[in-house]
Structures are given as structure tokens and as C-alpha cells.
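Q: Shown below is the structure under consideration.
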Amino acid sequence: SQQGEEDPQALSIQEGENATMNCSYKTSINNLQWYRQNSGRGLVHLILIRSNEREKHSGRLRVTLDTSKKSSSLLITASRAADTASYFCATPMNTGFQKLVFGTGTRLLVSP
Amino acid sequence: DAGVIQSPRHEVTEMGQEVTLRCKPISGHNSLFWYRQTMMRGLELLIYFNNNVPIDDSGMPEDRFSAKMPNASFSTLKIQPSEPRDSAVYFCASSPGRVSNTGELFFGEGSRLTVL
């Protein structure tokens with residue numbers, strides 16, 4: 001079963017606009033990760049935020065984590081056509097090993 | 001580093017045939033994962049290995065599916081016999097495991113399987 005649920009399922013914006021995607025999860029976590037998947041390709045790790053962090057930045061990416069609400073958001077600022085992809089959040093199951101469970105994903109379309 | 005290498009990239013087969021998907025993880029990574037991606041079910045974890053040992057295969061859908069990791073640089077996922085509902089993209093991913101403790105997975109480009 002999926003641990004995370006992203007919303008919205010799909011998002012369409014213009015270049016230069018900001019894109020915000022949200023993720024909700026069910027159980028306690030020690031970190032939450034975001035991945036990107038371009039069409040027909042494998043997933044690529046974007047950023048990891050630990051449970052004791054509330055916000056993290058990487059280039060044009062900003063991730064927030066609210067453990068009390070069991071939710072996270074990914075903000076892409078000044079979007080580009082190349083940001084068009086599906087974005088997934090992933091959380092580790094509490095197995096002692098890195099068993100990641102992925103959410104349903106948000107499909108982002110950035111139009112020039 | 002070449003990354004995670006999967007083969008074949010595309011496979012079209014007929015129902016009842018045996019399918020073998022292959023994966024070479026990143027050198028030095030001691031955890032390996034097989035995922036399946038479909039539109040209906042999203043990304044599902046099928047099985048994962050640590051130090052070549054299967055740790056959790058609870059995601060393997062049926063006895064028709066089997067996975068092996070004979071050594072640290074090679075893993076296979078076999079479906080025998082294949083059925084149309086097995087059509088999906090199968091991803092292999094590797095991770096440094098507990099040592100780095102980051103949890104980041106490195107994915108291959110996937111094997112797209114179509115069973116007619």
C-alpha cells in the first residue's frame with residue numbers, strides 16, 4: 001500500500017510561475033524524500049528532509065515538512081519547461097532498512 | 001559511475017512465456033530494490049535485498065514472480081509464466097544501505113514489459 005498521497009494529481013503552469021506540490025503520509029518517519037521522473041525515464045532523487053527539519057532548500061527547490069500534520073510540500077520557483085515531469089514523495093517504512101514507499105505522484109506540465 | 005543498469009529496456013512477449021529482467025546495481029551499494037510501476041497502482045515495491053540476501057519479498061504479487069541476487073553486482077527478476085496483467089515498467093534501484101544512512105535510492109531507467 002502507498003504511504004504517501006500527493007496533491008494535486010496534475011498541475012499545469014506557465015514558465016516563470018511557481019509550482020507547489022503537497023504530500024501527506026500516514027506513519028511516523030525519520031525522513032521524507034522527493035523524486036522526479038521524466039517521461040520514460042527512471043526516478044531521480046531531488047532532496048531529503050529529516051524529521052527534525054522544517055524546511056530545506058536546494059537551488060530552486062524548497063521543501064517543508066510538518067510532522068504534526070504528517071505532510072510535506074515541494075515548491076519549485078521560477079519554473080522552466082525542463083521541470084515538466086512527475087514528482088513523487090517517498091517515505092521509509094520502519095523496517096531498519098531503507099524500504100522506501102512512494103506516493104501517487106503529481107504530474108507537472110510547464111508550458112513555455 | 002555508470003549508474004544502475006537494467007536490461008532489456010523493452011520486452012514484448014506472449015502470455016505464458018518466461019521473462020527475465022536484469023539489473024546491475026551501482027558498485028559498492030549493498031541494498032537493491034525491485035519496483036513495478038503501472039498507471040493503476042503507481043510504484044509498488046516488489047522485493048528488496050541487503051548484502052545479496054532477500055529481506056522482504058512481501059510485495060511479490062504471486063509465485064510466478066521470483067528474484068535472485070547471486071552476487072553484489074547482479075540481480076534478476078523472473079516471471080514465469082507471464083500474463084497480460086504483468087505489463088508494467090519494472091525498475092531496479094540500489095542504495096548504499098545503512099552505511100550512509102541517507103535513504104536515497106538510485107534508479108535504473110526501467111524495463112518496459114508488454115505481455116500480449
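The chains in the C-alpha cells are called A, B, ... from first to last as shown; in each chain the residues are counted from 1, and the ligands are counted from 1 in the order shown.
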Range 25-30 of chain B: which residues within 10 Å, counting only C-alpha atoms, same-chain residues fewer than 5 positions away excluded, as a list in words?

A: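 Surrounding residues, per the criterion: Asp1, Ala2, Gly3, Val4, Ile5, Gln6, Phe49, Asn50, Asn51, Asn52, Val53, Ala72, Ser73, Phe74, Ser75, Cys92, Ala93, Ser94, Ser95, Pro96, Gly97, Arg98, Val99, Ser100, Leu105, Phe106, Phe107 and Gly108 of chain B.
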
Q: DSSP says strand (DSSP E) for which residues of range 14-62 of chain A? Put them as a list in words?

A: Gln14, Ala19, Thr20, Met21, Asn22, Cys23, Ser24, Asn31, Leu32, Gln33, Trp34, Tyr35, Arg36, Gln37, Leu43, Val44, His45, Leu46, Ile47, Leu48, Ile49, Arg50, Glu55, Lys56, His57, Ser58, Leu61 and Arg62 of chain A

Q: List the neighbours of Pro8 in chain A out to 12 Å using only C-alpha atoms; skip same-chain residues closer than 2 positions along the sequence, and give me the result as a short mmCIF file (atom, residue, chain, number, x, y, z; two decimals) with all heavy atoms, in the first residue's frame.

A:
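Contents of around_28.cif, as written:
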```cif
data_model
loop_
_atom_site.label_atom_id
_atom_site.label_comp_id
_atom_site.auth_asym_id
_atom_site.auth_seq_id
_atom_site.Cartn_x
_atom_site.Cartn_y
_atom_site.Cartn_z
N GLU A 5 0.45 10.32 -0.32
CA GLU A 5 -0.50 10.73 -1.33
C GLU A 5 -0.16 12.16 -1.73
O GLU A 5 -0.11 13.05 -0.87
CB GLU A 5 -1.93 10.68 -0.79
CG GLU A 5 -2.37 9.30 -0.35
CD GLU A 5 -2.65 8.36 -1.50
OE1 GLU A 5 -2.98 8.86 -2.61
OE2 GLU A 5 -2.55 7.15 -1.32
N GLU A 6 0.08 12.37 -3.03
CA GLU A 6 0.38 13.72 -3.48
C GLU A 6 -0.88 14.43 -3.96
O GLU A 6 -1.82 13.80 -4.45
CB GLU A 6 1.41 13.71 -4.63
CG GLU A 6 2.84 13.51 -4.19
CD GLU A 6 3.22 12.06 -4.21
OE1 GLU A 6 2.31 11.21 -4.10
OE2 GLU A 6 4.40 11.75 -4.35
N ALA A 10 -2.36 16.51 -10.89
CA ALA A 10 -1.77 17.14 -12.08
C ALA A 10 -1.79 18.64 -11.89
O ALA A 10 -2.69 19.20 -11.26
CB ALA A 10 -2.54 16.75 -13.34
N LEU A 11 -0.77 19.29 -12.45
CA LEU A 11 -0.61 20.73 -12.31
C LEU A 11 -0.05 21.28 -13.60
O LEU A 11 0.96 20.78 -14.11
CB LEU A 11 0.34 21.02 -11.15
CG LEU A 11 0.65 22.48 -10.80
CD1 LEU A 11 -0.63 23.21 -10.42
CD2 LEU A 11 1.66 22.53 -9.65
N SER A 12 -0.70 22.31 -14.13
CA SER A 12 -0.27 22.91 -15.38
C SER A 12 -0.02 24.40 -15.15
O SER A 12 -0.91 25.11 -14.69
CB SER A 12 -1.33 22.71 -16.46
OG SER A 12 -0.88 23.21 -17.70
N ALA A 19 5.52 26.38 -8.71
CA ALA A 19 4.71 25.16 -8.63
C ALA A 19 4.82 24.60 -7.22
O ALA A 19 5.92 24.44 -6.70
CB ALA A 19 5.18 24.13 -9.64
N THR A 20 3.67 24.32 -6.63
CA THR A 20 3.66 23.73 -5.29
C THR A 20 2.94 22.40 -5.32
O THR A 20 1.82 22.29 -5.83
CB THR A 20 2.95 24.66 -4.29
OG1 THR A 20 3.66 25.90 -4.22
CG2 THR A 20 2.94 24.03 -2.90
N MET A 21 3.59 21.39 -4.78
CA MET A 21 3.02 20.06 -4.68
C MET A 21 3.02 19.64 -3.23
O MET A 21 3.96 19.95 -2.49
CB MET A 21 3.85 19.07 -5.50
CG MET A 21 3.70 19.27 -6.98
SD MET A 21 5.07 18.61 -7.92
CE MET A 21 6.13 20.04 -8.02
N ASN A 22 1.99 18.93 -2.83
CA ASN A 22 1.85 18.52 -1.45
C ASN A 22 1.83 17.00 -1.31
O ASN A 22 1.44 16.29 -2.24
CB ASN A 22 0.54 19.08 -0.87
CG ASN A 22 0.47 20.58 -1.01
OD1 ASN A 22 1.26 21.30 -0.40
ND2 ASN A 22 -0.47 21.06 -1.81
N CYS A 23 2.28 16.56 -0.16
CA CYS A 23 2.35 15.12 0.11
C CYS A 23 1.87 14.89 1.53
O CYS A 23 2.28 15.59 2.46
CB CYS A 23 3.79 14.65 -0.05
SG CYS A 23 4.14 13.00 0.59
N SER A 24 0.98 13.91 1.69
CA SER A 24 0.58 13.50 3.03
C SER A 24 0.97 12.06 3.23
O SER A 24 0.94 11.26 2.28
CB SER A 24 -0.93 13.69 3.21
OG SER A 24 -1.64 12.92 2.26
N SER A 73 5.58 19.67 1.59
CA SER A 73 5.32 20.35 0.32
C SER A 73 6.63 20.57 -0.41
O SER A 73 7.68 20.73 0.20
CB SER A 73 4.62 21.69 0.54
OG SER A 73 5.50 22.59 1.19
N LEU A 74 6.54 20.54 -1.73
CA LEU A 74 7.68 20.82 -2.61
C LEU A 74 7.31 22.03 -3.44
O LEU A 74 6.30 22.03 -4.14
CB LEU A 74 7.96 19.63 -3.52
CG LEU A 74 8.99 19.86 -4.64
CD1 LEU A 74 10.37 20.09 -4.05
CD2 LEU A 74 9.01 18.68 -5.61
N SER A 86 6.95 14.11 -13.54
CA SER A 86 6.14 13.69 -12.39
C SER A 86 7.01 13.76 -11.15
O SER A 86 8.21 13.44 -11.19
CB SER A 86 5.63 12.26 -12.59
OG SER A 86 4.68 12.21 -13.63
N TYR A 87 6.41 14.18 -10.05
CA TYR A 87 7.14 14.35 -8.80
C TYR A 87 6.50 13.46 -7.74
O TYR A 87 5.27 13.44 -7.58
CB TYR A 87 7.11 15.81 -8.37
CG TYR A 87 7.91 16.69 -9.30
CD1 TYR A 87 7.35 17.15 -10.49
CD2 TYR A 87 9.24 17.03 -9.02
CE1 TYR A 87 8.09 17.93 -11.38
CE2 TYR A 87 9.98 17.81 -9.89
CZ TYR A 87 9.41 18.25 -11.07
OH TYR A 87 10.15 19.02 -11.95
N PHE A 88 7.34 12.72 -7.03
CA PHE A 88 6.87 11.77 -6.04
C PHE A 88 7.51 12.06 -4.69
O PHE A 88 8.71 12.37 -4.61
CB PHE A 88 7.27 10.34 -6.44
CG PHE A 88 6.65 9.85 -7.70
CD1 PHE A 88 7.25 10.10 -8.93
CD2 PHE A 88 5.48 9.12 -7.68
CE1 PHE A 88 6.69 9.64 -10.11
CE2 PHE A 88 4.90 8.64 -8.85
CZ PHE A 88 5.51 8.91 -10.07
N GLY A 103 4.61 7.79 -3.02
CA GLY A 103 3.25 8.28 -3.18
C GLY A 103 2.77 8.15 -4.61
O GLY A 103 3.44 7.56 -5.46
N THR A 104 1.63 8.72 -4.85
CA THR A 104 0.96 8.58 -6.14
C THR A 104 1.49 9.53 -7.21
O THR A 104 1.26 9.32 -8.38
CB THR A 104 -0.55 8.82 -5.97
OG1 THR A 104 -0.74 10.05 -5.28
CG2 THR A 104 -1.19 7.70 -5.16
N GLY A 105 2.17 10.57 -6.81
CA GLY A 105 2.81 11.45 -7.77
C GLY A 105 1.95 12.62 -8.23
O GLY A 105 0.72 12.55 -8.25
N THR A 106 2.62 13.71 -8.58
CA THR A 106 2.00 14.87 -9.20
C THR A 106 2.63 15.06 -10.57
O THR A 106 3.85 15.14 -10.68
CB THR A 106 2.22 16.15 -8.36
OG1 THR A 106 1.51 16.05 -7.14
CG2 THR A 106 1.73 17.38 -9.12
N ARG A 107 1.78 15.13 -11.59
CA ARG A 107 2.29 15.38 -12.95
C ARG A 107 2.30 16.87 -13.18
O ARG A 107 1.26 17.52 -13.16
CB ARG A 107 1.42 14.68 -13.99
CG ARG A 107 1.45 13.17 -13.92
CD ARG A 107 0.72 12.55 -15.10
NE ARG A 107 -0.62 13.10 -15.30
CZ ARG A 107 -1.69 12.74 -14.60
NH1 ARG A 107 -1.59 11.84 -13.65
NH2 ARG A 107 -2.87 13.29 -14.87
N LEU A 108 3.49 17.40 -13.39
CA LEU A 108 3.66 18.84 -13.61
C LEU A 108 3.94 19.11 -15.07
O LEU A 108 4.84 18.50 -15.66
CB LEU A 108 4.82 19.38 -12.75
CG LEU A 108 5.21 20.83 -12.99
CD1 LEU A 108 4.07 21.78 -12.59
CD2 LEU A 108 6.48 21.19 -12.23
#
```

Q: Using DSSP assignments from the backbone, pull out every residue in range 3-100 of chain B that falls under helix (DSSP H, G or I) and give it to me as a list in words.

A: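 For range 3-100 of chain B, the helix (DSSP H, G or I) set is Pro84, Arg85, Asp86, Gly97, Arg98 and Val99 of chain B.
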
Q: Please build the interface table for chain A against chain B with a cut-off of 6 Å, listing for each qualifying residue the nearest atom pair and the distance in Å to one decimal; count only C-alpha atoms, order rows by chain and increasing number, and write it as CSV.

A:
```
residue,atom,partner,partner_atom,distance
A:Arg41,CA,B:Glu109,CA,5.1
A:Gly42,CA,B:Glu109,CA,4.3
A:Leu43,CA,B:Phe107,CA,5.8
A:Gln98,CA,B:Gly103,CA,5.4
A:Thr104,CA,B:Gly42,CA,5.9
```

Q: Restricted to N, CA, C and O atoms, what would the selected residues look like written as a PDB file, in the first residue's frame?

A:
```pdb
ATOM      1  N   ARG A  41      11.593   7.648 -18.178  1.00  0.00           N
ATOM      2  CA  ARG A  41      12.885   7.527 -17.504  1.00  0.00           C
ATOM      3  C   ARG A  41      12.721   7.008 -16.083  1.00  0.00           C
ATOM      4  O   ARG A  41      11.620   6.837 -15.570  1.00  0.00           O
ATOM      5  N   GLY A  42      13.850   6.755 -15.447  1.00  0.00           N
ATOM      6  CA  GLY A  42      13.820   6.350 -14.049  1.00  0.00           C
ATOM      7  C   GLY A  42      13.654   7.538 -13.116  1.00  0.00           C
ATOM      8  O   GLY A  42      13.710   8.691 -13.539  1.00  0.00           O
ATOM      9  N   LEU A  43      13.430   7.247 -11.854  1.00  0.00           N
ATOM     10  CA  LEU A  43      13.272   8.305 -10.862  1.00  0.00           C
ATOM     11  C   LEU A  43      14.637   8.843 -10.445  1.00  0.00           C
ATOM     12  O   LEU A  43      15.607   8.089 -10.354  1.00  0.00           O
ATOM     13  N   GLN A  98      16.342   0.609   4.364  1.00  0.00           N
ATOM     14  CA  GLN A  98      15.789   1.746   3.636  1.00  0.00           C
ATOM     15  C   GLN A  98      14.716   1.285   2.668  1.00  0.00           C
ATOM     16  O   GLN A  98      14.899   1.302   1.453  1.00  0.00           O
ATOM     17  N   THR A 104       1.629   8.716  -4.846  1.00  0.00           N
ATOM     18  CA  THR A 104       0.956   8.577  -6.143  1.00  0.00           C
ATOM     19  C   THR A 104       1.487   9.526  -7.206  1.00  0.00           C
ATOM     20  O   THR A 104       1.258   9.316  -8.385  1.00  0.00           O
TER      21      THR A 104
END
```

Q: For a test of reading the model, state the distance in Å between CA of Val110 in chain A and CA of Cys89 in chain A, rounded to one decimal.

A: 19.4 Å

Q: May I have the residues within 9 Å of Glu18 in chain B as a PDB file with C-alpha atoms, in the first residue's frame, using only C-alpha atoms and disregarding those fewer than 3 positions away in the same chain?

A:
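Final output, saved to part-v4.pdb:
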```pdb
ATOM      1  CA  THR B  13       6.302 -11.257 -25.138  1.00  0.00           C
ATOM      2  CA  GLU B  14       3.306 -13.501 -25.362  1.00  0.00           C
ATOM      3  CA  MET B  15       1.283 -14.776 -22.465  1.00  0.00           C
ATOM      4  CA  LYS B  78      11.813 -13.575 -13.376  1.00  0.00           C
ATOM      5  CA  ILE B  79       8.169 -14.001 -14.304  1.00  0.00           C
ATOM      6  CA  GLN B  80       7.087 -17.473 -15.301  1.00  0.00           C
ATOM      7  CA  PRO B  81       4.572 -17.810 -16.838  1.00  0.00           C
ATOM      8  CA  SER B  82       3.870 -14.209 -17.792  1.00  0.00           C
TER       9      SER B  82
END
```

Q: I'd like the neighbourhood of Glu11 in chain B as JSON, numbers by chain, where a residue qualifies if any of its atoms comes within 10 Å (using only C-alpha atoms), though same-chain residues fewer than 6 positions away should be ignored.

A: {"B": [19, 20, 21, 87, 89, 111, 112, 113, 114, 115]}
